[in-house]
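Note: the block below is upload_8.pdb and it holds PDB, C-alpha atoms and all ligand atoms.
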```pdb
ATOM      1  CA  MET C   1      -6.966  -0.798 -22.381
ATOM      2  CA  PRO C   2      -4.285  -2.017 -19.960
ATOM      3  CA  VAL C   3      -3.887  -0.539 -16.501
ATOM      4  CA  SER C   4      -0.602   1.117 -15.531
ATOM      5  CA  ALA C   5       0.825   1.671 -12.075
ATOM      6  CA  LYS C   6       2.984   4.206 -10.317
ATOM      7  CA  ILE C   7       4.838   2.999  -7.257
ATOM      8  CA  CYS C   8       5.389   6.033  -5.071
ATOM      9  CA  GLY C   9       7.699   6.828  -2.185
ATOM     10  CA  LEU C  10      10.603   4.625  -3.229
ATOM     11  CA  SER C  11      13.827   5.247  -1.352
ATOM     12  CA  THR C  12      15.972   2.116  -1.745
ATOM     13  CA  ALA C  13      17.639   0.498  -4.723
ATOM     14  CA  GLU C  14      16.110  -2.897  -3.942
ATOM     15  CA  THR C  15      12.513  -1.699  -3.932
ATOM     16  CA  LEU C  16      13.037   0.597  -6.907
ATOM     17  CA  ASP C  17      14.366  -2.387  -8.842
ATOM     18  CA  ALA C  18      11.317  -4.411  -7.770
ATOM     19  CA  ALA C  19       9.024  -1.705  -9.139
ATOM     20  CA  VAL C  20      10.860  -1.604 -12.457
ATOM     21  CA  ALA C  21      11.072  -5.400 -12.734
ATOM     22  CA  GLY C  22       7.363  -5.722 -11.942
ATOM     23  CA  GLY C  23       6.404  -3.405 -14.784
ATOM     24  CA  ALA C  24       5.622  -0.083 -13.092
ATOM     25  CA  SER C  25       4.973   2.655 -15.632
ATOM     26  CA  HIS C  26       6.107   5.323 -13.169
ATOM     27  CA  VAL C  27       8.126   5.540  -9.966
ATOM     28  CA  GLY C  28       7.739   8.326  -7.428
ATOM     29  CA  PHE C  29      10.276  10.086  -5.230
ATOM     30  CA  VAL C  30       8.962  12.156  -2.329
ATOM     31  CA  PHE C  31      10.666  15.508  -1.714
ATOM     32  CA  PHE C  32       8.882  16.485   1.489
ATOM     33  CA  PRO C  33      10.939  16.223   4.697
ATOM     34  CA  PRO C  34       8.036  15.382   7.078
ATOM     35  CA  SER C  35       7.313  12.245   5.057
ATOM     36  CA  PRO C  36       8.839   8.925   6.165
ATOM     37  CA  ARG C  37       9.492   8.401   2.430
ATOM     38  CA  HIS C  38      11.438  11.612   1.938
ATOM     39  CA  VAL C  39      14.564  11.312  -0.197
ATOM     40  CA  THR C  40      17.482  13.700  -0.185
ATOM     41  CA  ILE C  41      18.771  15.208  -3.399
ATOM     42  CA  GLU C  42      21.721  12.807  -3.228
ATOM     43  CA  GLN C  43      19.486   9.760  -2.727
ATOM     44  CA  ALA C  44      17.274  10.842  -5.619
ATOM     45  CA  ALA C  45      20.291  11.183  -7.910
ATOM     46  CA  ALA C  46      21.461   7.659  -7.096
ATOM     47  CA  LEU C  47      17.987   6.154  -7.476
ATOM     48  CA  ALA C  48      17.262   7.983 -10.726
ATOM     49  CA  GLN C  49      20.234   6.332 -12.405
ATOM     50  CA  ARG C  50      18.609   2.935 -11.924
ATOM     51  CA  VAL C  51      15.397   3.851 -13.747
ATOM     52  CA  PRO C  52      15.228   2.781 -17.402
ATOM     53  CA  ALA C  53      14.024   5.275 -19.994
ATOM     54  CA  HIS C  54      10.606   3.662 -20.439
ATOM     55  CA  VAL C  55       9.680   4.267 -16.781
ATOM     56  CA  GLY C  56       8.609   7.766 -15.772
ATOM     57  CA  ARG C  57      10.260   9.456 -12.780
ATOM     58  CA  VAL C  58       7.774  11.536 -10.842
ATOM     59  CA  GLY C  59       8.804  13.954  -8.106
ATOM     60  CA  VAL C  60       6.235  14.427  -5.331
ATOM     61  CA  PHE C  61       6.120  17.890  -3.728
ATOM     62  CA  VAL C  62       3.998  19.753  -1.199
ATOM     63  CA  ASP C  63       3.801  23.492  -1.892
ATOM     64  CA  PRO C  64       7.457  23.504  -2.998
ATOM     65  CA  GLU C  65       9.807  26.430  -3.419
ATOM     66  CA  ASP C  66      11.457  26.917  -6.802
ATOM     67  CA  ALA C  67      14.938  26.122  -5.485
ATOM     68  CA  LEU C  68      13.868  22.678  -4.265
ATOM     69  CA  LEU C  69      12.067  21.948  -7.522
ATOM     70  CA  ASP C  70      15.105  22.872  -9.565
ATOM     71  CA  GLN C  71      17.489  20.750  -7.517
ATOM     72  CA  ALA C  72      15.145  17.777  -7.476
ATOM     73  CA  ILE C  73      14.381  17.935 -11.186
ATOM     74  CA  ARG C  74      18.056  17.917 -12.030
ATOM     75  CA  ALA C  75      19.164  15.264  -9.527
ATOM     76  CA  GLY C  76      16.135  13.018  -9.949
ATOM     77  CA  ARG C  77      15.993  13.477 -13.729
ATOM     78  CA  LEU C  78      12.307  14.024 -13.256
ATOM     79  CA  ASP C  79       9.844  13.466 -16.080
ATOM     80  CA  ALA C  80       6.845  14.853 -14.182
ATOM     81  CA  ILE C  81       6.009  16.843 -11.076
ATOM     82  CA  GLN C  82       3.259  15.770  -8.678
ATOM     83  CA  LEU C  83       1.936  18.643  -6.599
ATOM     84  CA  HIS C  84      -0.068  18.618  -3.381
ATOM     85  CA  ARG C  85      -1.543  21.668  -1.656
ATOM     86  CA  VAL C  86      -0.891  24.208  -4.403
ATOM     87  CA  THR C  87      -3.313  26.551  -6.126
ATOM     88  CA  PRO C  88      -4.098  26.036  -9.805
ATOM     89  CA  ALA C  89      -2.201  29.263 -10.557
ATOM     90  CA  ARG C  90       0.915  28.042  -8.779
ATOM     91  CA  ALA C  91       0.673  24.662 -10.518
ATOM     92  CA  ALA C  92       0.449  26.390 -13.902
ATOM     93  CA  SER C  93       3.389  28.597 -13.059
ATOM     94  CA  ILE C  94       5.498  25.573 -12.052
ATOM     95  CA  GLY C  95       4.597  23.820 -15.283
ATOM     96  CA  SER C  96       5.515  26.836 -17.403
ATOM     97  CA  ARG C  97       8.784  27.425 -15.602
ATOM     98  CA  THR C  98       9.979  23.810 -15.502
ATOM     99  CA  ARG C  99       8.466  22.741 -18.839
ATOM    100  CA  LEU C 100       7.537  19.423 -17.248
ATOM    101  CA  PRO C 101       4.111  17.799 -17.107
ATOM    102  CA  VAL C 102       2.384  18.536 -13.808
ATOM    103  CA  TRP C 103       0.114  16.148 -11.925
ATOM    104  CA  GLY C 104      -2.250  17.937  -9.570
ATOM    105  CA  ALA C 105      -3.544  16.081  -6.527
ATOM    106  CA  VAL C 106      -7.228  16.524  -5.729
ATOM    107  CA  ALA C 107      -8.293  15.448  -2.234
ATOM    108  CA  VAL C 108     -11.641  13.665  -2.383
ATOM    109  CA  LYS C 109     -14.212  12.781   0.238
ATOM    110  CA  THR C 110     -17.466  13.869  -1.369
ATOM    111  CA  ARG C 111     -18.731  14.445  -4.884
ATOM    112  CA  ALA C 112     -18.298  18.196  -4.435
ATOM    113  CA  ASP C 113     -14.565  17.694  -4.026
ATOM    114  CA  LEU C 114     -14.337  16.621  -7.668
ATOM    115  CA  ASP C 115     -14.776  20.292  -8.585
ATOM    116  CA  GLY C 116     -11.117  20.544  -7.668
ATOM    117  CA  ALA C 117     -10.334  18.681 -10.865
ATOM    118  CA  ASN C 118     -12.269  21.196 -12.981
ATOM    119  CA  ALA C 119     -10.331  24.000 -11.332
ATOM    120  CA  LEU C 120      -7.092  22.409 -12.538
ATOM    121  CA  ARG C 121      -8.061  22.453 -16.214
ATOM    122  CA  GLY C 122      -5.448  24.441 -18.095
ATOM    123  CA  ALA C 123      -3.083  24.336 -15.121
ATOM    124  CA  VAL C 124      -1.935  20.698 -15.020
ATOM    125  CA  GLN C 125      -1.653  17.782 -17.410
ATOM    126  CA  ARG C 126      -3.036  15.066 -15.112
ATOM    127  CA  VAL C 127      -5.282  14.917 -12.071
ATOM    128  CA  LEU C 128      -4.451  12.543  -9.234
ATOM    129  CA  TYR C 129      -7.528  11.748  -7.177
ATOM    130  CA  ASP C 130      -6.461  10.992  -3.626
ATOM    131  CA  ALA C 131      -8.337  10.567  -0.357
ATOM    132  CA  LYS C 132      -8.885  13.678   1.738
ATOM    133  CA  VAL C 133      -6.878  13.501   4.957
ATOM    134  CA  PRO C 134      -7.922  14.954   8.344
ATOM    135  CA  GLU C 135      -7.193  18.701   8.677
ATOM    136  CA  ASP C 136      -4.471  18.125  11.252
ATOM    137  CA  ALA C 137      -2.703  15.372   9.289
ATOM    138  CA  LYS C 138       1.053  15.775   8.900
ATOM    139  CA  LEU C 139       0.968  14.567   5.304
ATOM    140  CA  PRO C 140      -1.478  15.316   2.472
ATOM    141  CA  GLY C 141      -0.995  11.789   1.096
ATOM    142  CA  GLY C 142       0.698   8.507   1.773
ATOM    143  CA  MET C 143      -1.677   7.810   4.657
ATOM    144  CA  GLY C 144      -3.330   4.673   3.295
ATOM    145  CA  LEU C 145      -6.738   6.372   3.264
ATOM    146  CA  ARG C 146      -9.230   5.597   0.529
ATOM    147  CA  PHE C 147     -12.363   7.324  -0.694
ATOM    148  CA  ASP C 148     -15.594   6.129  -2.274
ATOM    149  CA  TRP C 149     -14.356   5.073  -5.711
ATOM    150  CA  SER C 150     -17.899   5.100  -7.115
ATOM    151  CA  LEU C 151     -17.808   8.914  -6.935
ATOM    152  CA  LEU C 152     -15.662   8.800 -10.079
ATOM    153  CA  GLN C 153     -18.095   6.681 -12.078
ATOM    154  CA  ASP C 154     -20.263   9.301 -13.735
ATOM    155  CA  PHE C 155     -17.867  12.177 -13.524
ATOM    156  CA  ALA C 156     -16.861  13.964 -16.743
ATOM    157  CA  HIS C 157     -13.128  13.994 -16.129
ATOM    158  CA  PRO C 158     -11.676  17.259 -17.424
ATOM    159  CA  LEU C 159      -8.162  15.835 -17.773
ATOM    160  CA  PRO C 160      -6.273  12.539 -17.920
ATOM    161  CA  TRP C 161      -6.322  11.128 -14.416
ATOM    162  CA  ALA C 162      -5.005   8.567 -11.969
ATOM    163  CA  LEU C 163      -6.452   6.970  -8.844
ATOM    164  CA  SER C 164      -4.626   6.896  -5.526
ATOM    165  CA  GLY C 165      -5.343   6.654  -1.835
ATOM    166  CA  GLY C 166      -5.395   3.469   0.197
ATOM    167  CA  LEU C 167      -4.744   1.097  -2.686
ATOM    168  CA  ASP C 168      -3.046  -2.228  -2.001
ATOM    169  CA  PRO C 169      -2.581  -5.633  -3.651
ATOM    170  CA  ALA C 170      -5.895  -6.888  -2.247
ATOM    171  CA  ASN C 171      -8.153  -4.010  -3.278
ATOM    172  CA  VAL C 172      -6.646  -2.610  -6.474
ATOM    173  CA  ALA C 173      -8.707  -4.840  -8.781
ATOM    174  CA  GLU C 174     -11.946  -3.707  -7.128
ATOM    175  CA  ALA C 175     -10.792  -0.077  -7.183
ATOM    176  CA  VAL C 176     -10.131  -0.260 -10.931
ATOM    177  CA  SER C 177     -13.381  -2.065 -11.607
ATOM    178  CA  ILE C 178     -15.452   0.520  -9.716
ATOM    179  CA  SER C 179     -13.626   3.701 -10.706
ATOM    180  CA  GLY C 180     -12.575   2.843 -14.251
ATOM    181  CA  ALA C 181      -9.028   4.026 -13.539
ATOM    182  CA  ARG C 182      -6.370   3.296 -16.137
ATOM    183  CA  LEU C 183      -3.491   4.520 -13.969
ATOM    184  CA  VAL C 184      -3.215   3.667 -10.280
ATOM    185  CA  ASP C 185      -0.788   5.059  -7.734
ATOM    186  CA  VAL C 186       0.216   3.337  -4.501
ATOM    187  CA  SER C 187       2.506   4.102  -1.610
ATOM    188  CA  SER C 188       1.724   2.813   1.880
ATOM    189  CA  GLY C 189      -0.197  -0.198   0.551
ATOM    190  CA  VAL C 190       3.061  -1.763  -0.600
ATOM    191  CA  GLU C 191       4.933  -1.201   2.665
ATOM    192  CA  SER C 192       5.735  -3.469   5.609
ATOM    193  CA  ALA C 193       5.906  -0.469   7.987
ATOM    194  CA  SER C 194       5.522   3.278   7.597
ATOM    195  CA  GLY C 195       7.972   4.407   4.919
ATOM    196  CA  ILE C 196       9.455   0.913   4.440
ATOM    197  CA  LYS C 197       8.646  -0.405   0.988
ATOM    198  CA  ASP C 198       8.261  -4.171   0.607
ATOM    199  CA  ALA C 199       9.569  -5.725  -2.612
ATOM    200  CA  GLY C 200       7.150  -8.654  -2.319
ATOM    201  CA  LYS C 201       4.117  -6.393  -1.930
ATOM    202  CA  ILE C 202       5.274  -4.262  -4.857
ATOM    203  CA  ALA C 203       5.541  -7.400  -7.011
ATOM    204  CA  SER C 204       2.120  -8.582  -5.870
ATOM    205  CA  PHE C 205       0.497  -5.211  -6.590
ATOM    206  CA  LEU C 206       2.021  -5.017 -10.054
ATOM    207  CA  LYS C 207       1.108  -8.612 -10.874
ATOM    208  CA  THR C 208      -2.511  -7.901 -10.077
ATOM    209  CA  VAL C 209      -2.481  -4.684 -12.097
ATOM    210  CA  ALA C 210      -0.957  -6.520 -15.077
ATOM    211  CA  SER C 211      -3.798  -9.044 -14.939
ATOM    212  CA  LEU C 212      -6.544  -6.405 -15.219
TER     213      LEU C 212
HETATM  214  O1  LIG C 301       3.769   9.240   0.411
HETATM  215  C1  LIG C 301       4.002  10.284   1.017
HETATM  216  O2  LIG C 301       4.673  10.308   2.055
HETATM  217  C2  LIG C 301       3.464  11.569   0.492
HETATM  218  C3  LIG C 301       3.885  12.745   1.064
HETATM  219  C4  LIG C 301       3.411  13.946   0.615
HETATM  220  C5  LIG C 301       2.508  13.993  -0.434
HETATM  221  C6  LIG C 301       2.063  12.828  -1.008
HETATM  222  C7  LIG C 301       2.530  11.611  -0.574
HETATM  223  N1  LIG C 301       2.111  10.422  -1.137
HETATM  224  C8  LIG C 301       1.117  10.298  -2.150
HETATM  225  O3  LIG C 301      -0.107   9.964  -1.559
HETATM  226  C9  LIG C 301      -0.837   9.092  -2.394
HETATM  227  C10 LIG C 301      -1.568   8.038  -1.641
HETATM  228  O4  LIG C 301      -0.744   7.294  -0.824
HETATM  229  P1  LIG C 301      -1.233   5.920  -0.172
HETATM  230  O5  LIG C 301      -1.157   4.879  -1.261
HETATM  231  O6  LIG C 301      -2.622   6.103   0.314
HETATM  232  O7  LIG C 301      -0.266   5.636   0.917
HETATM  233  C11 LIG C 301       0.150   8.509  -3.350
HETATM  234  O8  LIG C 301      -0.286   8.914  -4.597
HETATM  235  C12 LIG C 301       1.446   9.173  -3.085
HETATM  236  O9  LIG C 301       1.905   9.721  -4.301
END
```

Render the structure in this file as structure tokens.
Amino acid sequence: MPVSAKICGLSTAETLDAAVAGGASHVGFVFFPPSPRHVTIEQAAALAQRVPAHVGRVGVFVDPEDALLDQAIRAGRLDAIQLHRVTPARAASIGSRTRLPVWGAVAVKTRADLDGANALRGAVQRVLYDAKVPEDAKLPGGMGLRFDWSLLQDFAHPLPWALSGGLDPANVAEAVSISGARLVDVSSGVESASGIKDAGKIASFLKTVASL
């Protein structure tokens, strides 16, 4: 089965176009002001227009309020909502209210953390395994941190899932081989500086993924 890729944290037309041209299955827009990848509602509206119908638009949120979700969904023409730092009940409520598929991030450092995926059964449509960040970190993701991919090997995944956290063009093949992921998600690993996406790195990442 082929491997698909989501390029997350896009905020310019040039790098969005690189993701689409390289064959990304999904693109991600971050609606979280502390992030260096944050997009305004206006930016999201302009970027969304460039995305062809076969590419999914995913909005990334951290414990969002309904008003932000509604604005972002409309402007960004979102196809899915990626949630960080929400309870399963809140994730389910967002999914019911917006009628969009919800991706729930699960922060992983140890095997026990995978229980977070079981807790999301019935609440979200996809689990996104990401690396656990330090308690005092400003962001719950987008930090370039990875976890032990072998933790996923014998796990009975309760839901469709994707792998993220510290992926880049040089390690994505190994990450897929070890974890068995069929959807990978990258942000800082295709940047030249924090929050600055690099079209060449995006192309390189997607070329490798297409070869798997
Ligand atoms: O990228 C961000 O700034 C961000 C902000 C808030 C929540 C999630 C965010 N990014 C997500 O984090 C993972 C991993 O990123 P990285 O590849 O390790 O840099 C990625 O899935 C993004 O969707």

Could you tell me, as a PyMOL selection string, exactly which residues end up selected when the PyMOL selection byres (((not hetatm)) within 7 of (chain C and resi 301)) is applied to this structure?
chain C and resi 8-9+28+30+32+35-38+60-62+84+130+139-146+164-167+185-189

Write the residues of the selection above to a file with C-alpha atoms, as a JSON list (two decimals), keeping the file's coordinate frame.
```json
[["chain", "number", "residue", "atom", "x", "y", "z"],
["C", 8, "CYS", "CA", 5.39, 6.03, -5.07],
["C", 9, "GLY", "CA", 7.70, 6.83, -2.18],
["C", 28, "GLY", "CA", 7.74, 8.33, -7.43],
["C", 30, "VAL", "CA", 8.96, 12.16, -2.33],
["C", 32, "PHE", "CA", 8.88, 16.48, 1.49],
["C", 35, "SER", "CA", 7.31, 12.24, 5.06],
["C", 36, "PRO", "CA", 8.84, 8.93, 6.16],
["C", 37, "ARG", "CA", 9.49, 8.40, 2.43],
["C", 38, "HIS", "CA", 11.44, 11.61, 1.94],
["C", 60, "VAL", "CA", 6.24, 14.43, -5.33],
["C", 61, "PHE", "CA", 6.12, 17.89, -3.73],
["C", 62, "VAL", "CA", 4.00, 19.75, -1.20],
["C", 84, "HIS", "CA", -0.07, 18.62, -3.38],
["C", 130, "ASP", "CA", -6.46, 10.99, -3.63],
["C", 139, "LEU", "CA", 0.97, 14.57, 5.30],
["C", 140, "PRO", "CA", -1.48, 15.32, 2.47],
["C", 141, "GLY", "CA", -1.00, 11.79, 1.10],
["C", 142, "GLY", "CA", 0.70, 8.51, 1.77],
["C", 143, "MET", "CA", -1.68, 7.81, 4.66],
["C", 144, "GLY", "CA", -3.33, 4.67, 3.30],
["C", 145, "LEU", "CA", -6.74, 6.37, 3.26],
["C", 146, "ARG", "CA", -9.23, 5.60, 0.53],
["C", 164, "SER", "CA", -4.63, 6.90, -5.53],
["C", 165, "GLY", "CA", -5.34, 6.65, -1.84],
["C", 166, "GLY", "CA", -5.40, 3.47, 0.20],
["C", 167, "LEU", "CA", -4.74, 1.10, -2.69],
["C", 185, "ASP", "CA", -0.79, 5.06, -7.73],
["C", 186, "VAL", "CA", 0.22, 3.34, -4.50],
["C", 187, "SER", "CA", 2.51, 4.10, -1.61],
["C", 188, "SER", "CA", 1.72, 2.81, 1.88],
["C", 189, "GLY", "CA", -0.20, -0.20, 0.55]]
```

If the PyMOL selection byres (((chain C and resi 41-46) around 7) and not hetatm) were run on this exact file, what residues would it hold? Put them as a PDB file with C-alpha atoms, in the coordinates of the input.
```
ATOM      1  CA  VAL C  39      14.564  11.312  -0.197  1.00  0.00           C
ATOM      2  CA  THR C  40      17.482  13.700  -0.185  1.00  0.00           C
ATOM      3  CA  LEU C  47      17.987   6.154  -7.476  1.00  0.00           C
ATOM      4  CA  ALA C  48      17.262   7.983 -10.726  1.00  0.00           C
ATOM      5  CA  GLN C  49      20.234   6.332 -12.405  1.00  0.00           C
ATOM      6  CA  ALA C  72      15.145  17.777  -7.476  1.00  0.00           C
ATOM      7  CA  ALA C  75      19.164  15.264  -9.527  1.00  0.00           C
ATOM      8  CA  GLY C  76      16.135  13.018  -9.949  1.00  0.00           C
TER       9      GLY C  76
END
```

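Using all atoms listed in the file, the nearest neighbour of C:Ala53 within the list C:Glu65, C:His26, C:Pro34, C:Ile7 is C:His26.
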
Could you tell me, as a ChimeraX atom specification, exactly which residues end up selected when the PyMOL selection byres (((chain C and resi 85) around 10) and not hetatm) is applied to this structure?
/C:61-64,83-84,86-88,90-91,104-107,140

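Distance check against C:Lys109 using only C-alpha atoms: of C:Val190, C:Val133, C:Val127, C:Ala92, the minimum falls on C:Val133.
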
Name the residues within 12 Å of (9.4, 23.1, -18.8), counting only C-alpha atoms in the file's coordinates, and put them as a list in words.
Leu69, Asp70, Ile73, Leu78, Asp79, Ala80, Ile81, Ala92, Ser93, Ile94, Gly95, Ser96, Arg97, Thr98, Arg99, Leu100, Pro101 and Val102 of chain C

Prev. selection, C-alpha atoms, output as a compact mmCIF listing (two decimals), in the frame of the given file:
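Here's the written file again-v7.txt:
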```txt
# COMPACT_ATOMS: atom_id res chain seq x y z
CA LEU C 69 12.07 21.95 -7.52
CA ASP C 70 15.10 22.87 -9.56
CA ILE C 73 14.38 17.93 -11.19
CA LEU C 78 12.31 14.02 -13.26
CA ASP C 79 9.84 13.47 -16.08
CA ALA C 80 6.84 14.85 -14.18
CA ILE C 81 6.01 16.84 -11.08
CA ALA C 92 0.45 26.39 -13.90
CA SER C 93 3.39 28.60 -13.06
CA ILE C 94 5.50 25.57 -12.05
CA GLY C 95 4.60 23.82 -15.28
CA SER C 96 5.52 26.84 -17.40
CA ARG C 97 8.78 27.42 -15.60
CA THR C 98 9.98 23.81 -15.50
CA ARG C 99 8.47 22.74 -18.84
CA LEU C 100 7.54 19.42 -17.25
CA PRO C 101 4.11 17.80 -17.11
CA VAL C 102 2.38 18.54 -13.81
```

Find the residue from C:Gly59, C:Pro33, C:Gly23, C:Gly116 that sits nearest to C:Ser204; use only C-alpha atoms when measuring.
C:Gly23

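Taking atom CA of C:Asp148 and atom CA of C:Ala19 as the two end points, the separation is 26.7 Å.
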
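Across the structure, atom CA of C:Gly22 and atom CA of C:Glu174 are spaced 20.0 Å apart.
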
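Across the structure, atom CA of C:Val51 and atom CA of C:Ala13 are spaced 9.9 Å apart.
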
Edge lengths and centre, in Å to one decimal, as JSON: that's what I need for the box along x, y and z that holds all listed atoms of stretch 126-137 of chain C plus 6 Å on each side.
```
{"center_x": -5.8, "center_y": 14.6, "center_z": -1.9, "size_x": 18.2, "size_y": 20.1, "size_z": 38.4}
```

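Proximity ranking of C:Gly195, C:Gly200, C:Gly56, C:Gly180 relative to C:Met1 places C:Gly180 first, based on all atoms listed in the file.
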
From the coordinates supplied, stretch 85-102 of chain C should be written with N, CA, C and O atoms, as a PDB file, in the first residue's frame.
```pdb
ATOM      1  N   ARG C  85      -4.326  18.738  22.624  1.00  0.00           N
ATOM      2  CA  ARG C  85      -4.679  19.136  23.991  1.00  0.00           C
ATOM      3  C   ARG C  85      -6.179  19.333  24.186  1.00  0.00           C
ATOM      4  O   ARG C  85      -6.616  20.354  24.719  1.00  0.00           O
ATOM      5  N   VAL C  86      -6.967  18.378  23.705  1.00  0.00           N
ATOM      6  CA  VAL C  86      -8.400  18.379  24.022  1.00  0.00           C
ATOM      7  C   VAL C  86      -8.763  17.015  24.603  1.00  0.00           C
ATOM      8  O   VAL C  86      -8.096  16.015  24.329  1.00  0.00           O
ATOM      9  N   THR C  87      -9.814  16.990  25.390  1.00  0.00           N
ATOM     10  CA  THR C  87     -10.290  15.717  25.935  1.00  0.00           C
ATOM     11  C   THR C  87     -11.030  14.956  24.838  1.00  0.00           C
ATOM     12  O   THR C  87     -11.526  15.562  23.869  1.00  0.00           O
ATOM     13  N   PRO C  88     -11.161  13.643  24.992  1.00  0.00           N
ATOM     14  CA  PRO C  88     -11.958  12.888  24.028  1.00  0.00           C
ATOM     15  C   PRO C  88     -13.386  13.440  23.915  1.00  0.00           C
ATOM     16  O   PRO C  88     -13.940  13.500  22.813  1.00  0.00           O
ATOM     17  N   ALA C  89     -13.965  13.858  25.025  1.00  0.00           N
ATOM     18  CA  ALA C  89     -15.342  14.375  24.983  1.00  0.00           C
ATOM     19  C   ALA C  89     -15.422  15.663  24.152  1.00  0.00           C
ATOM     20  O   ALA C  89     -16.349  15.847  23.359  1.00  0.00           O
ATOM     21  N   ARG C  90     -14.446  16.522  24.330  1.00  0.00           N
ATOM     22  CA  ARG C  90     -14.443  17.767  23.550  1.00  0.00           C
ATOM     23  C   ARG C  90     -14.196  17.461  22.064  1.00  0.00           C
ATOM     24  O   ARG C  90     -14.815  18.065  21.190  1.00  0.00           O
ATOM     25  N   ALA C  91     -13.325  16.527  21.784  1.00  0.00           N
ATOM     26  CA  ALA C  91     -13.074  16.150  20.385  1.00  0.00           C
ATOM     27  C   ALA C  91     -14.352  15.619  19.743  1.00  0.00           C
ATOM     28  O   ALA C  91     -14.689  15.977  18.607  1.00  0.00           O
ATOM     29  N   ALA C  92     -15.076  14.780  20.472  1.00  0.00           N
ATOM     30  CA  ALA C  92     -16.323  14.220  19.935  1.00  0.00           C
ATOM     31  C   ALA C  92     -17.351  15.322  19.707  1.00  0.00           C
ATOM     32  O   ALA C  92     -18.062  15.337  18.696  1.00  0.00           O
ATOM     33  N   SER C  93     -17.395  16.250  20.627  1.00  0.00           N
ATOM     34  CA  SER C  93     -18.353  17.347  20.504  1.00  0.00           C
ATOM     35  C   SER C  93     -18.021  18.213  19.292  1.00  0.00           C
ATOM     36  O   SER C  93     -18.906  18.632  18.544  1.00  0.00           O
ATOM     37  N   ILE C  94     -16.737  18.465  19.064  1.00  0.00           N
ATOM     38  CA  ILE C  94     -16.326  19.259  17.890  1.00  0.00           C
ATOM     39  C   ILE C  94     -16.684  18.514  16.607  1.00  0.00           C
ATOM     40  O   ILE C  94     -17.184  19.096  15.640  1.00  0.00           O
ATOM     41  N   GLY C  95     -16.466  17.221  16.599  1.00  0.00           N
ATOM     42  CA  GLY C  95     -16.804  16.446  15.404  1.00  0.00           C
ATOM     43  C   GLY C  95     -18.305  16.465  15.116  1.00  0.00           C
ATOM     44  O   GLY C  95     -18.724  16.626  13.967  1.00  0.00           O
ATOM     45  N   SER C  96     -19.105  16.323  16.165  1.00  0.00           N
ATOM     46  CA  SER C  96     -20.560  16.326  15.968  1.00  0.00           C
ATOM     47  C   SER C  96     -21.035  17.689  15.481  1.00  0.00           C
ATOM     48  O   SER C  96     -21.882  17.785  14.601  1.00  0.00           O
ATOM     49  N   ARG C  97     -20.485  18.731  16.070  1.00  0.00           N
ATOM     50  CA  ARG C  97     -20.969  20.075  15.743  1.00  0.00           C
ATOM     51  C   ARG C  97     -20.549  20.506  14.348  1.00  0.00           C
ATOM     52  O   ARG C  97     -21.305  21.105  13.609  1.00  0.00           O
ATOM     53  N   THR C  98     -19.295  20.173  13.973  1.00  0.00           N
ATOM     54  CA  THR C  98     -18.779  20.653  12.681  1.00  0.00           C
ATOM     55  C   THR C  98     -19.069  19.667  11.551  1.00  0.00           C
ATOM     56  O   THR C  98     -18.958  20.032  10.381  1.00  0.00           O
ATOM     57  N   ARG C  99     -19.371  18.436  11.905  1.00  0.00           N
ATOM     58  CA  ARG C  99     -19.594  17.369  10.916  1.00  0.00           C
ATOM     59  C   ARG C  99     -18.372  17.136  10.040  1.00  0.00           C
ATOM     60  O   ARG C  99     -18.480  16.741   8.878  1.00  0.00           O
ATOM     61  N   LEU C 100     -17.205  17.405  10.592  1.00  0.00           N
ATOM     62  CA  LEU C 100     -15.954  17.136   9.868  1.00  0.00           C
ATOM     63  C   LEU C 100     -15.196  16.014  10.576  1.00  0.00           C
ATOM     64  O   LEU C 100     -15.302  15.862  11.799  1.00  0.00           O
ATOM     65  N   PRO C 101     -14.402  15.258   9.812  1.00  0.00           N
ATOM     66  CA  PRO C 101     -13.553  14.259  10.459  1.00  0.00           C
ATOM     67  C   PRO C 101     -12.554  14.940  11.393  1.00  0.00           C
ATOM     68  O   PRO C 101     -12.007  15.984  11.061  1.00  0.00           O
ATOM     69  N   VAL C 102     -12.345  14.315  12.543  1.00  0.00           N
ATOM     70  CA  VAL C 102     -11.417  14.871  13.537  1.00  0.00           C
ATOM     71  C   VAL C 102     -10.211  13.950  13.685  1.00  0.00           C
ATOM     72  O   VAL C 102     -10.356  12.724  13.759  1.00  0.00           O
TER      73      VAL C 102
END
```
